[in-house]
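Enquirer: Provided herewith: run-v4.cif, mmCIF, C-alpha atoms and all ligand atoms.
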```
data_data
#
loop_
_atom_site.label_atom_id
_atom_site.label_comp_id
_atom_site.auth_asym_id
_atom_site.auth_seq_id
_atom_site.Cartn_x
_atom_site.Cartn_y
_atom_site.Cartn_z
CA MET A 1 0.00 0.00 0.00
CA ALA A 2 1.31 3.49 -0.84
CA THR A 3 2.68 5.61 2.05
CA LEU A 4 0.12 8.31 1.32
CA GLU A 5 -2.78 5.86 1.63
CA VAL A 6 -1.41 4.35 4.85
CA SER A 7 -1.03 7.78 6.45
CA PHE A 8 -4.58 8.68 5.34
CA LEU A 9 -5.93 5.42 6.80
CA ASN A 10 -3.88 5.98 9.95
CA SER A 11 -5.58 9.36 10.52
CA GLN A 12 -8.96 7.70 9.77
CA LEU A 13 -8.28 5.03 12.38
CA GLN A 14 -7.10 7.59 14.99
CA GLU A 15 -10.36 9.50 14.40
CA ARG A 16 -12.42 6.32 14.79
CA LYS A 17 -10.49 5.36 17.94
CA HIS A 18 -11.29 8.77 19.42
CA ARG A 19 -15.01 8.39 18.58
CA LEU A 20 -15.11 4.89 20.03
CA GLU A 21 -13.46 6.01 23.27
CA GLN A 22 -16.04 8.79 23.60
CA ALA A 23 -18.90 6.36 22.93
CA ILE A 24 -17.52 3.87 25.49
CA THR A 25 -17.39 6.58 28.18
CA LEU A 26 -21.09 7.29 27.53
CA ALA A 27 -22.17 3.63 27.22
CA PRO A 28 -19.64 1.47 29.16
CA GLN A 29 -22.08 -1.50 29.18
CA HIS A 30 -22.02 -1.75 25.32
CA ALA A 31 -19.76 -4.80 24.82
CA GLY A 32 -19.52 -4.44 21.02
CA LEU A 33 -17.79 -1.07 21.25
CA ALA A 34 -14.91 -2.43 23.37
CA GLY A 35 -14.39 -5.20 20.80
CA LEU A 36 -14.23 -2.65 17.98
CA LEU A 37 -11.72 -0.57 19.93
CA ARG A 38 -9.48 -3.65 20.27
CA GLU A 39 -9.71 -4.15 16.47
CA VAL A 40 -8.78 -0.51 15.81
CA ASP A 41 -5.78 -0.81 18.18
CA SER A 42 -4.70 -4.00 16.47
CA ALA A 43 -4.90 -2.30 13.02
CA LEU A 44 -2.78 0.61 14.32
CA GLU A 45 -0.21 -1.91 15.65
CA ARG A 46 -0.09 -3.61 12.24
CA MET A 47 0.61 -0.21 10.68
CA ASP A 48 3.55 0.23 13.06
CA ARG A 49 4.85 -3.25 12.21
CA GLY A 50 4.37 -2.67 8.45
CA THR A 51 1.97 -5.60 7.99
CA TYR A 52 -1.19 -3.49 7.64
CA GLY A 53 -3.23 -4.14 4.50
CA LEU A 54 -1.93 -7.70 4.02
CA CYS A 55 -4.38 -10.60 4.03
CA GLU A 56 -3.94 -12.70 7.20
CA THR A 57 -4.39 -15.92 5.24
CA CYS A 58 -2.34 -15.46 2.05
CA HIS A 59 -0.25 -12.39 3.08
CA GLU A 60 -1.02 -10.75 -0.28
CA PRO A 61 -2.30 -7.13 -0.30
CA VAL A 62 -6.01 -6.70 0.46
CA GLU A 63 -7.97 -4.81 -2.25
CA GLY A 64 -7.24 -1.06 -1.79
CA ASP A 65 -10.81 0.14 -2.36
CA ARG A 66 -12.07 -2.23 0.35
CA LEU A 67 -9.55 -0.87 2.86
CA LEU A 68 -10.53 2.70 2.04
CA ALA A 69 -14.17 1.77 2.66
CA ASP A 70 -13.41 -0.18 5.84
CA PRO A 71 -9.90 0.19 7.32
CA LEU A 72 -10.48 -2.83 9.60
CA VAL A 73 -10.66 -5.32 6.73
CA ARG A 74 -8.13 -8.15 7.37
CA TYR A 75 -8.75 -10.66 4.58
CA CYS A 76 -8.65 -10.40 0.80
CA LEU A 77 -11.85 -11.28 -1.08
CA ASP A 78 -10.54 -14.79 -1.76
CA HIS A 79 -10.05 -15.49 1.95
CA LEU A 80 -13.18 -14.21 3.63
CA THR A 81 -14.65 -16.54 6.27
CA PRO A 82 -17.97 -18.20 5.27
CA PRO A 83 -20.06 -15.77 7.41
CA GLN A 84 -18.15 -12.79 5.91
CA ARG A 85 -18.70 -14.19 2.43
CA ASP A 86 -22.43 -14.57 3.10
CA ALA A 87 -22.64 -11.00 4.42
CA LEU A 88 -20.84 -9.67 1.33
CA GLN A 89 -23.20 -11.60 -0.94
CA ARG A 90 -26.22 -10.15 0.89
CA ASP A 91 -24.79 -6.63 0.45
CA LEU A 92 -24.22 -7.20 -3.25
CA ASP A 93 -27.72 -8.63 -3.70
CA LEU A 94 -29.17 -5.55 -2.05
CA ALA A 95 -27.02 -3.20 -4.19
CA SER A 96 -28.11 -5.09 -7.29
CA GLN A 97 -31.78 -4.77 -6.33
CA LEU A 98 -31.37 -1.04 -5.61
CA GLN A 99 -29.72 -0.53 -8.98
CA ARG A 100 -32.46 -2.41 -10.85
CA ASN A 101 -35.02 -0.13 -9.23
CA LEU A 102 -33.31 2.88 -10.85
CA LEU A 103 -33.90 1.62 -14.38
CA PRO A 104 -36.50 3.45 -16.51
CA GLN A 105 -39.91 2.02 -17.34
CA VAL A 106 -39.73 -0.87 -19.82
CA GLY A 107 -41.24 -0.04 -23.23
CA LEU A 108 -41.65 3.65 -22.34
CA GLN A 109 -43.44 5.76 -24.97
CA SER A 110 -43.41 9.54 -24.82
CA GLY A 111 -44.02 12.47 -27.15
CA GLY A 112 -44.19 10.34 -30.31
CA TRP A 113 -41.14 8.26 -29.35
CA GLU A 114 -41.05 4.55 -28.63
CA THR A 115 -38.19 2.99 -26.65
CA SER A 116 -36.70 -0.31 -25.58
CA TYR A 117 -33.56 -1.20 -23.66
CA HIS A 118 -31.55 -4.15 -22.38
CA TYR A 119 -29.48 -3.83 -19.19
CA GLU A 120 -27.21 -6.71 -18.24
CA PRO A 121 -24.51 -6.37 -15.54
CA VAL A 122 -21.58 -8.77 -15.84
CA GLY A 123 -21.54 -9.21 -12.04
CA PRO A 124 -24.14 -8.43 -9.38
CA VAL A 125 -23.96 -4.68 -10.12
CA SER A 126 -23.16 -2.61 -13.20
CA GLY A 127 -21.18 0.53 -14.03
CA ASP A 128 -23.46 1.19 -17.01
CA TYR A 129 -26.05 3.91 -16.79
CA CYS A 130 -29.29 4.04 -18.77
CA ASP A 131 -32.19 6.40 -18.26
CA LEU A 132 -35.25 7.78 -20.06
CA ILE A 133 -36.96 10.81 -18.56
CA PRO A 134 -40.05 12.41 -20.10
CA SER A 135 -39.91 16.12 -19.23
CA ASP A 136 -41.91 19.13 -20.56
CA GLY A 137 -43.14 17.10 -23.54
CA HIS A 138 -39.55 16.13 -24.45
CA LEU A 139 -37.92 12.78 -23.91
CA PHE A 140 -34.51 12.99 -22.24
CA PHE A 141 -32.35 9.92 -22.90
CA VAL A 142 -28.92 9.05 -21.52
CA LEU A 143 -26.59 6.11 -21.72
CA GLY A 144 -23.23 6.05 -19.95
CA ASP A 145 -20.37 3.84 -18.91
CA VAL A 146 -18.53 4.54 -15.63
CA SER A 147 -14.81 3.71 -15.56
CA GLY A 148 -14.01 0.58 -13.56
CA LYS A 149 -16.40 -2.13 -12.47
CA GLY A 150 -18.30 -3.45 -9.51
CA VAL A 151 -19.60 -1.59 -6.49
CA ALA A 152 -17.45 1.56 -6.90
CA ALA A 153 -18.67 2.03 -10.50
CA CYS A 154 -22.24 1.23 -9.42
CA MET A 155 -22.12 3.95 -6.74
CA LEU A 156 -21.08 6.56 -9.31
CA MET A 157 -23.79 5.35 -11.64
CA THR A 158 -26.44 5.89 -8.94
CA GLN A 159 -25.04 9.37 -8.34
CA LEU A 160 -25.30 10.26 -12.03
CA HIS A 161 -28.85 8.95 -12.06
CA ALA A 162 -29.83 11.36 -9.26
CA LEU A 163 -27.91 14.20 -10.90
CA PHE A 164 -29.57 13.89 -14.32
CA ARG A 165 -33.00 13.29 -12.79
CA SER A 166 -32.67 16.58 -10.89
CA LEU A 167 -31.18 18.54 -13.80
CA THR A 168 -33.95 17.54 -16.24
CA LYS A 169 -36.44 19.23 -13.89
CA MET A 170 -34.62 22.56 -14.35
CA SER A 171 -35.38 22.89 -18.09
CA LEU A 172 -31.79 23.85 -19.00
CA PRO A 173 -30.42 23.72 -22.55
CA LEU A 174 -28.73 20.35 -23.10
CA GLY A 175 -25.17 21.74 -23.30
CA GLN A 176 -25.61 23.54 -19.98
CA MET A 177 -27.12 20.50 -18.35
CA VAL A 178 -24.13 18.35 -19.32
CA SER A 179 -21.69 21.05 -18.15
CA GLN A 180 -23.44 21.23 -14.76
CA ALA A 181 -23.51 17.45 -14.37
CA ASN A 182 -19.80 17.39 -15.24
CA ARG A 183 -18.88 20.01 -12.64
CA VAL A 184 -20.77 18.28 -9.83
CA PHE A 185 -19.39 14.91 -10.90
CA CYS A 186 -15.79 16.28 -10.93
CA GLU A 187 -16.20 17.44 -7.35
CA SER A 188 -17.24 14.03 -6.08
CA ALA A 189 -15.46 11.47 -8.27
CA LEU A 190 -12.14 10.10 -7.07
CA ALA A 191 -9.03 10.55 -9.21
CA GLY A 192 -9.22 8.20 -12.19
CA GLN A 193 -13.00 7.90 -12.09
CA TYR A 194 -14.91 9.25 -15.06
CA VAL A 195 -17.90 8.40 -17.21
CA THR A 196 -18.47 8.39 -20.96
CA VAL A 197 -21.96 9.60 -21.76
CA VAL A 198 -24.19 10.05 -24.76
CA CYS A 199 -27.35 11.94 -23.93
CA GLY A 200 -29.97 14.06 -25.57
CA GLN A 201 -33.45 15.45 -25.83
CA ALA A 202 -35.97 14.19 -28.37
CA LYS A 203 -38.82 16.57 -29.17
CA PRO A 204 -42.31 15.68 -30.48
CA THR A 205 -41.39 17.46 -33.76
CA GLY A 206 -38.65 14.89 -34.40
CA GLU A 207 -35.88 17.34 -33.59
CA VAL A 208 -33.16 15.74 -31.49
CA GLU A 209 -30.38 17.47 -29.60
CA ILE A 210 -27.62 15.08 -28.71
CA HIS A 211 -24.23 15.24 -27.02
CA ASN A 212 -21.57 12.54 -27.03
CA ALA A 213 -18.95 12.97 -24.29
CA GLY A 214 -16.25 10.40 -24.95
CA HIS A 215 -18.71 7.57 -25.66
CA LEU A 216 -18.96 5.18 -28.61
CA PRO A 217 -20.74 6.61 -31.67
CA ALA A 218 -24.54 6.74 -31.49
CA ILE A 219 -26.12 5.27 -34.62
CA VAL A 220 -29.13 6.85 -36.31
CA VAL A 221 -30.74 4.91 -39.16
CA GLY A 222 -33.61 6.01 -41.35
CA LYS A 223 -34.72 6.80 -44.86
CA GLY A 224 -31.87 9.30 -45.09
CA GLY A 225 -29.28 6.54 -44.54
CA VAL A 226 -26.95 5.87 -41.62
CA LEU A 227 -25.55 8.60 -39.42
CA ARG A 228 -22.97 8.07 -36.70
CA ILE A 229 -22.79 10.66 -33.97
CA GLU A 230 -19.19 10.54 -32.82
CA SER A 231 -17.83 11.89 -29.56
CA THR A 232 -17.07 15.62 -29.60
CA GLY A 233 -15.90 15.94 -26.03
CA VAL A 234 -14.08 14.35 -23.11
CA PRO A 235 -15.84 12.05 -20.62
CA LEU A 236 -17.54 13.64 -17.59
CA GLY A 237 -15.45 13.81 -14.43
CA MET A 238 -12.11 14.62 -16.09
CA PHE A 239 -11.99 18.45 -16.26
CA SER A 240 -14.47 20.63 -14.42
CA GLU A 241 -14.14 23.68 -16.71
CA VAL A 242 -14.66 22.01 -20.09
CA GLU A 243 -17.57 23.21 -22.28
CA PHE A 244 -20.11 20.86 -23.82
CA SER A 245 -22.08 21.59 -26.96
CA ALA A 246 -24.94 19.67 -28.52
CA THR A 247 -25.49 18.46 -32.09
CA ARG A 248 -28.94 18.87 -33.65
CA LEU A 249 -30.58 16.50 -36.07
CA GLN A 250 -34.05 15.90 -37.49
CA MET A 251 -35.51 12.41 -37.24
CA GLU A 252 -38.47 11.36 -39.38
CA VAL A 253 -41.24 8.92 -38.46
CA GLY A 254 -39.72 5.42 -38.64
CA ASP A 255 -36.13 6.59 -37.96
CA THR A 256 -34.30 4.81 -35.13
CA MET A 257 -31.47 5.81 -32.84
CA PHE A 258 -29.35 3.11 -31.24
CA LEU A 259 -27.04 3.55 -28.23
CA TYR A 260 -24.87 0.88 -26.61
CA THR A 261 -21.93 0.36 -24.27
CA ASP A 262 -18.62 -1.38 -25.04
CA GLY A 263 -20.07 -4.61 -23.62
CA LEU A 264 -21.48 -4.87 -27.17
CA SER A 265 -18.84 -3.33 -29.46
CA GLU A 266 -15.89 -4.88 -27.58
CA ALA A 267 -17.43 -8.32 -27.09
CA SER A 268 -15.08 -10.92 -28.55
CA ASN A 269 -14.87 -14.56 -29.49
CA ALA A 270 -11.69 -16.59 -29.99
CA GLN A 271 -10.99 -14.88 -33.35
CA ASN A 272 -12.04 -11.24 -33.18
CA GLU A 273 -13.95 -8.34 -31.68
CA TYR A 274 -17.60 -7.60 -32.51
CA GLY A 275 -16.79 -3.96 -33.36
CA VAL A 276 -18.71 -0.78 -34.09
CA GLU A 277 -18.93 -1.74 -37.79
CA SER A 278 -20.95 -4.90 -36.98
CA VAL A 279 -23.20 -2.88 -34.68
CA THR A 280 -23.85 -0.37 -37.49
CA GLN A 281 -24.56 -3.13 -40.05
CA LEU A 282 -26.94 -4.88 -37.71
CA VAL A 283 -28.87 -1.73 -36.83
CA ARG A 284 -29.15 -0.84 -40.52
CA GLN A 285 -30.56 -4.27 -41.38
CA ARG A 286 -32.88 -4.71 -38.41
CA CYS A 287 -34.26 -1.26 -37.63
CA VAL A 288 -37.52 -1.61 -39.58
CA GLY A 289 -39.63 -2.88 -36.68
CA PRO A 290 -40.29 -1.59 -33.17
CA PRO A 291 -37.27 -0.91 -30.86
CA ALA A 292 -37.87 -4.11 -28.86
CA GLN A 293 -37.38 -6.16 -32.05
CA LEU A 294 -34.10 -4.41 -32.81
CA ILE A 295 -32.81 -5.07 -29.27
CA ALA A 296 -33.82 -8.74 -29.52
CA ALA A 297 -32.13 -9.09 -32.93
CA CYS A 298 -28.99 -7.47 -31.58
CA LEU A 299 -28.82 -9.83 -28.57
CA GLU A 300 -29.39 -12.82 -30.82
CA ASP A 301 -26.59 -11.74 -33.16
CA LEU A 302 -24.24 -11.06 -30.24
CA ARG A 303 -24.90 -14.51 -28.74
CA SER A 304 -24.22 -16.30 -31.99
CA PHE A 305 -21.03 -14.23 -32.42
CA GLU A 306 -19.84 -15.08 -28.89
CA LYS A 307 -20.43 -18.80 -29.48
CA GLY A 308 -21.19 -19.36 -25.79
CA GLY A 309 -17.95 -17.71 -24.61
CA ALA A 310 -17.82 -15.74 -21.36
CA ARG A 311 -18.65 -12.02 -21.29
CA PHE A 312 -16.33 -9.64 -19.44
CA ASP A 313 -18.14 -6.33 -19.46
CA ASP A 314 -21.50 -4.85 -18.52
CA LEU A 315 -23.84 -4.68 -21.50
CA THR A 316 -26.48 -2.03 -22.16
CA LEU A 317 -28.46 -1.37 -25.35
CA LEU A 318 -31.01 1.39 -25.93
CA ALA A 319 -33.16 1.92 -29.02
CA ILE A 320 -35.40 4.94 -29.60
CA ARG A 321 -37.71 5.20 -32.61
CA ARG A 322 -39.88 8.03 -33.82
CA VAL A 323 -43.39 6.68 -34.27
CA GLY A 324 -45.49 9.78 -34.77
CA PRO A 325 -45.76 13.53 -34.61
CA SER A 326 -46.96 13.22 -31.01
CA ALA A 327 -48.96 10.00 -30.75
CA THR A 328 -48.58 9.60 -26.99
CA ASN A 329 -47.41 11.90 -24.26
ZN ZN B 1 -5.93 -13.70 0.97
#
```
Could you rewrite the structure in this file as structure tokens?
Expert:
Amino acid sequence: MATLEVSFLNSQLQERKHRLEQAITLAPQHAGLAGLLREVDSALERMDRGTYGLCETCHEPVEGDRLLADPLVRYCLDHLTPPQRDALQRDLDLASQLQRNLLPQVGLQSGGWETSYHYEPVGPVSGDYCDLIPSDGHLFFVLGDVSGKGVAACMLMTQLHALFRSLTKMSLPLGQMVSQANRVFCESALAGQYVTVVCGQAKPTGEVEIHNAGHLPAIVVGKGGVLRIESTGVPLGMFSEVEFSATRLQMEVGDTMFLYTDGLSEASNAQNEYGVESVTQLVRQRCVGPPAQLIAACLEDLRSFEKGGARFDDLTLLAIRRVGPSATN
């Protein structure tokens, strides 16, 4: 563990020791507190001896993010005791359930737009972010991919969800909304954490404002042909003062927009990678029906490409199709 991290954790432990001692003075009969104080003292001793942060079973370093979250952790993930393993599984199940509850309504229709999505974490929780928010007659859509995996990425994803949900209520122009989200995100993300995002507003007139911040190209297919909306900015969470601008396009009835994370484009089999080109081809061939059909066709094609091989990344697909001038609101 780096010296800087150990000294940070040391000050954290000293603070906790102080709090525990205060609590024990107020509630001397609370047996659990005395036990915790012994654990804190033992961790401080290990810091003095230079063995802090090493797993007590295999003597390999314990995962750094787990120590930052709980400085008393003494075993690496591979060497948790059965009760600890069960507790961790319960926590992950709960996190997974919480995250599922944040997903938008399935088959949402709004302002003449029809939608469908597929959200598939590679583990219990996902770092992918997908949302659809009808607001002021417009449909706000966003798809993102948080750097890293697992619980840390999932926490940032939930934060973005809250951020965009609040910002859509403020009726800001899209560029401003993304800039605001970026600034708040920069303040709270740890170094090295960022998120690629493609988001936009679809109006009942078919006009779409879209911004791609470091994400894979969005694909729009219609009578006018195929259009790829490439990234024109850096991911959110990297630089707080960067400006974001939106691209405008006009979508006709029957046109479809397709967004996805690298769980699709970077999926691979023994020979090669699926690739953005295959995604584009597939969307072009299969976009004639409703969005749910396109998503199903895409999953089917991906599965036959993977030939039953393991997947290593979270997968999210989102299809939005213009079905009318303003059929439903
Ligand atoms: Zn271990």
Enquirer: Could you list, as a list in words, every residue within 9 Å of Gln105 of chain A, counting only C-alpha atoms and ignoring same-chain residues fewer than 2 positions away?
Expert: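 After dropping sequence-adjacent residues, the list is Leu103, Gly107, Leu108, Asp131 and Leu132 of chain A.
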Enquirer: Leu249 of chain A: which residues within 7 Å, counting all atoms listed in the file, same-chain residues fewer than 2 positions away excluded, as a PyMOL selection string?
Expert: chain A and resi 207-209+247+251
Enquirer: Find the nearest atom pair between each residue of chain A and ligand ZN 1 (chain B) for residues within 12 Å, count only C-alpha atoms and all ligand atoms, give distances in Å to one decimal, sort rows by chain and ascending number, and present the table as a tab-separated table.
Expert:
```
residue	atom	partner	partner_atom	distance
A:Gly53	CA	B:ZN1	ZN	10.5
A:Leu54	CA	B:ZN1	ZN	7.8
A:Cys55	CA	B:ZN1	ZN	4.6
A:Glu56	CA	B:ZN1	ZN	6.6
A:Thr57	CA	B:ZN1	ZN	5.1
A:Cys58	CA	B:ZN1	ZN	4.1
A:His59	CA	B:ZN1	ZN	6.2
A:Glu60	CA	B:ZN1	ZN	5.9
A:Pro61	CA	B:ZN1	ZN	7.6
A:Val62	CA	B:ZN1	ZN	7.0
A:Glu63	CA	B:ZN1	ZN	9.7
A:Val73	CA	B:ZN1	ZN	11.2
A:Arg74	CA	B:ZN1	ZN	8.8
A:Tyr75	CA	B:ZN1	ZN	5.5
A:Cys76	CA	B:ZN1	ZN	4.3
A:Leu77	CA	B:ZN1	ZN	6.7
A:Asp78	CA	B:ZN1	ZN	5.5
A:His79	CA	B:ZN1	ZN	4.6
A:Leu80	CA	B:ZN1	ZN	7.7
A:Thr81	CA	B:ZN1	ZN	10.6
```
Enquirer: Please write as a list in words the list of polymer residues whose atoms come within 9 Å of (-15.6, -7.1, -26.9), counting all atoms listed in the file and keeping to the coordinates of the file.
Expert: Asp262, Gly263, Leu264, Ser265, Glu266, Ala267, Ser268, Asn269, Asn272, Glu273, Tyr274, Gly275, Arg311, Phe312 and Asp313 of chain A
Enquirer: Would you list the contacts of Val197 of chain A as an mmCIF file with C-alpha atoms, in the coordinates of the input, taking every protein, DNA or RNA residue within 10 Å and counting only C-alpha atoms, but skipping same-chain residues closer than 5 positions in sequence?
Expert:
```cif
data_model
loop_
_atom_site.group_PDB
_atom_site.id
_atom_site.type_symbol
_atom_site.label_atom_id
_atom_site.label_comp_id
_atom_site.auth_asym_id
_atom_site.auth_seq_id
_atom_site.Cartn_x
_atom_site.Cartn_y
_atom_site.Cartn_z
ATOM 1 C CA ASP A 128 -23.460 1.190 -17.010
ATOM 2 C CA TYR A 129 -26.050 3.910 -16.790
ATOM 3 C CA CYS A 130 -29.290 4.040 -18.770
ATOM 4 C CA VAL A 142 -28.920 9.050 -21.520
ATOM 5 C CA LEU A 143 -26.590 6.110 -21.720
ATOM 6 C CA GLY A 144 -23.230 6.050 -19.950
ATOM 7 C CA ASP A 145 -20.370 3.840 -18.910
ATOM 8 C CA VAL A 146 -18.530 4.540 -15.630
ATOM 9 C CA VAL A 178 -24.130 18.350 -19.320
ATOM 10 C CA HIS A 211 -24.230 15.240 -27.020
ATOM 11 C CA ASN A 212 -21.570 12.540 -27.030
ATOM 12 C CA ALA A 213 -18.950 12.970 -24.290
ATOM 13 C CA GLY A 214 -16.250 10.400 -24.950
ATOM 14 C CA HIS A 215 -18.710 7.570 -25.660
ATOM 15 C CA LEU A 216 -18.960 5.180 -28.610
ATOM 16 C CA SER A 231 -17.830 11.890 -29.560
ATOM 17 C CA GLY A 233 -15.900 15.940 -26.030
ATOM 18 C CA VAL A 234 -14.080 14.350 -23.110
ATOM 19 C CA PRO A 235 -15.840 12.050 -20.620
ATOM 20 C CA LEU A 236 -17.540 13.640 -17.590
ATOM 21 C CA THR A 261 -21.930 0.360 -24.270
#
```
Enquirer: Kindly indicate which residue among A:Gly237, A:Pro204, A:Asp301, A:Gln285 lies nearest to Gly324 of chain A, using all atoms listed in the file for the distances.
Expert: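 Among the listed residues, the smallest separation from Gly324 of chain A belongs to A:Pro204.
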Enquirer: Residues near Lys223 of chain A, anyone? I mean within 9 Å using all atoms listed in the file, not counting same-chain ones fewer than 6 positions away, as number ranges by chain.
Expert: A: 252, 254-255
Enquirer: Those selected residues, please, written with C-alpha atoms and delivered as a compact mmCIF listing (two decimals), in the frame of the given file.
Expert:
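out-v6.txt, freshly written:
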```
# COMPACT_ATOMS: atom_id res chain seq x y z
CA GLU A 252 -38.47 11.36 -39.38
CA GLY A 254 -39.72 5.42 -38.64
CA ASP A 255 -36.13 6.59 -37.96
```
Enquirer: Which neighbours of Gly64 of chain A fall inside 9 Å, counting all atoms listed in the file, when residues of the same chain fewer than 4 positions from it are skipped, and could you give them as a list in words?
Expert: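 Returned residues: Met1, Glu5, Gly53, Leu68 and Ala69 of chain A.
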Enquirer: Counting all atoms listed in the file, which residue out of A:Ala310, A:Met170, A:Ser116, A:Val242 sits closest to Thr256 of chain A?
Expert: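 Selected residue with least distance to Thr256 of chain A: A:Ser116.
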Enquirer: Considering only C-alpha atoms, state which residue in the set A:Gly50, A:Pro71, A:Gly35, A:Pro82 is at the smallest distance from Asn10 of chain A.
Expert: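 Among the listed residues, A:Pro71 lies closest to Asn10 of chain A.
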Enquirer: Could you check which of A:Leu282, A:Ala181, A:Val288, A:Val253 is closest to Glu300 of chain A, using only C-alpha atoms?
Expert: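 Checking each candidate against Glu300 of chain A, we get A:Leu282 as the closest.
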Enquirer: Using only C-alpha atoms, find the one residue out of A:Leu13, A:Val184, A:Met177, A:Leu302 that sits nearest to Ser278 of chain A.
Expert: A:Leu302
Enquirer: Which value, in Å to one decimal, gives the distance between atom CA of Tyr117 of chain A and atom CA of Ala202 of chain A?
Expert: 16.3 Å
Enquirer: I'd like the interatomic distance between atom CA of Leu294 of chain A and atom CA of Met257 of chain A, to a tenth of an Å.
Expert: 10.6 Å
Enquirer: Enclose segment 223-236 of chain A, meaning all of its atoms listed in the file, in a box aligned along x, y and z, pad it by 3 Å on each side, and list the centre and edge lengths in Å to one decimal, as lines of an AutoDock Vina configuration file.
Expert:
```
center_x = -24.4
center_y = 10.9
center_z = -31.3
size_x = 26.6
size_y = 16.1
size_z = 33.5
```
Enquirer: Could you jot down the atom CA of Ile320 of chain A to atom CA of Pro104 of chain A separation for me, Å, one decimal place?
Expert: 13.2 Å
Enquirer: Find the residue from A:Gly32, A:Gly308, A:Pro290, A:Gly111 that sits nearest to Pro134 of chain A; use all atoms listed in the file when measuring.
Expert: A:Gly111
Enquirer: Starting from the incomplete input, reconstruct all heavy atoms of segment 73-78 of chain A and report them as an mmCIF file, in the coordinates of the input.
Expert:
```
data_model
loop_
_atom_site.group_PDB
_atom_site.id
_atom_site.type_symbol
_atom_site.label_atom_id
_atom_site.label_comp_id
_atom_site.auth_asym_id
_atom_site.auth_seq_id
_atom_site.Cartn_x
_atom_site.Cartn_y
_atom_site.Cartn_z
ATOM 1 N N VAL A 73 -10.628 -4.098 7.531
ATOM 2 C CA VAL A 73 -10.660 -5.320 6.730
ATOM 3 C C VAL A 73 -9.324 -6.067 6.854
ATOM 4 O O VAL A 73 -8.254 -5.466 6.758
ATOM 5 C CB VAL A 73 -10.943 -4.962 5.243
ATOM 6 C CG1 VAL A 73 -10.597 -6.111 4.321
ATOM 7 C CG2 VAL A 73 -12.389 -4.567 5.069
ATOM 8 N N ARG A 74 -9.379 -7.401 7.122
ATOM 9 C CA ARG A 74 -8.130 -8.150 7.370
ATOM 10 C C ARG A 74 -7.898 -9.285 6.375
ATOM 11 O O ARG A 74 -6.880 -9.956 6.419
ATOM 12 C CB ARG A 74 -8.149 -8.715 8.789
ATOM 13 C CG ARG A 74 -7.990 -7.620 9.849
ATOM 14 C CD ARG A 74 -7.880 -8.204 11.224
ATOM 15 N NE ARG A 74 -9.143 -8.829 11.608
ATOM 16 C CZ ARG A 74 -9.234 -9.938 12.334
ATOM 17 N NH1 ARG A 74 -8.148 -10.557 12.734
ATOM 18 N NH2 ARG A 74 -10.418 -10.425 12.647
ATOM 19 N N TYR A 75 -8.896 -9.554 5.531
ATOM 20 C CA TYR A 75 -8.750 -10.660 4.580
ATOM 21 C C TYR A 75 -9.062 -10.198 3.169
ATOM 22 O O TYR A 75 -9.965 -9.380 2.985
ATOM 23 C CB TYR A 75 -9.700 -11.814 4.956
ATOM 24 C CG TYR A 75 -9.411 -12.392 6.311
ATOM 25 C CD1 TYR A 75 -10.066 -11.917 7.446
ATOM 26 C CD2 TYR A 75 -8.453 -13.401 6.456
ATOM 27 C CE1 TYR A 75 -9.777 -12.429 8.694
ATOM 28 C CE2 TYR A 75 -8.168 -13.917 7.710
ATOM 29 C CZ TYR A 75 -8.824 -13.426 8.823
ATOM 30 O OH TYR A 75 -8.531 -13.933 10.063
ATOM 31 N N CYS A 76 -8.329 -10.717 2.188
ATOM 32 C CA CYS A 76 -8.650 -10.400 0.800
ATOM 33 C C CYS A 76 -9.961 -11.101 0.434
ATOM 34 O O CYS A 76 -10.417 -11.987 1.165
ATOM 35 C CB CYS A 76 -7.506 -10.834 -0.125
ATOM 36 S SG CYS A 76 -7.402 -12.599 -0.410
ATOM 37 N N LEU A 77 -10.549 -10.715 -0.695
ATOM 38 C CA LEU A 77 -11.850 -11.280 -1.080
ATOM 39 C C LEU A 77 -11.817 -12.803 -1.190
ATOM 40 O O LEU A 77 -12.790 -13.481 -0.889
ATOM 41 C CB LEU A 77 -12.301 -10.697 -2.436
ATOM 42 C CG LEU A 77 -12.941 -9.314 -2.406
ATOM 43 C CD1 LEU A 77 -13.284 -8.868 -3.814
ATOM 44 C CD2 LEU A 77 -14.188 -9.281 -1.532
ATOM 45 N N ASP A 78 -10.649 -13.325 -1.599
ATOM 46 C CA ASP A 78 -10.540 -14.790 -1.760
ATOM 47 C C ASP A 78 -10.527 -15.517 -0.423
ATOM 48 O O ASP A 78 -10.749 -16.710 -0.377
ATOM 49 C CB ASP A 78 -9.252 -15.139 -2.514
ATOM 50 C CG ASP A 78 -9.342 -14.741 -3.969
ATOM 51 O OD1 ASP A 78 -10.482 -14.634 -4.463
ATOM 52 O OD2 ASP A 78 -8.290 -14.523 -4.592
#
```
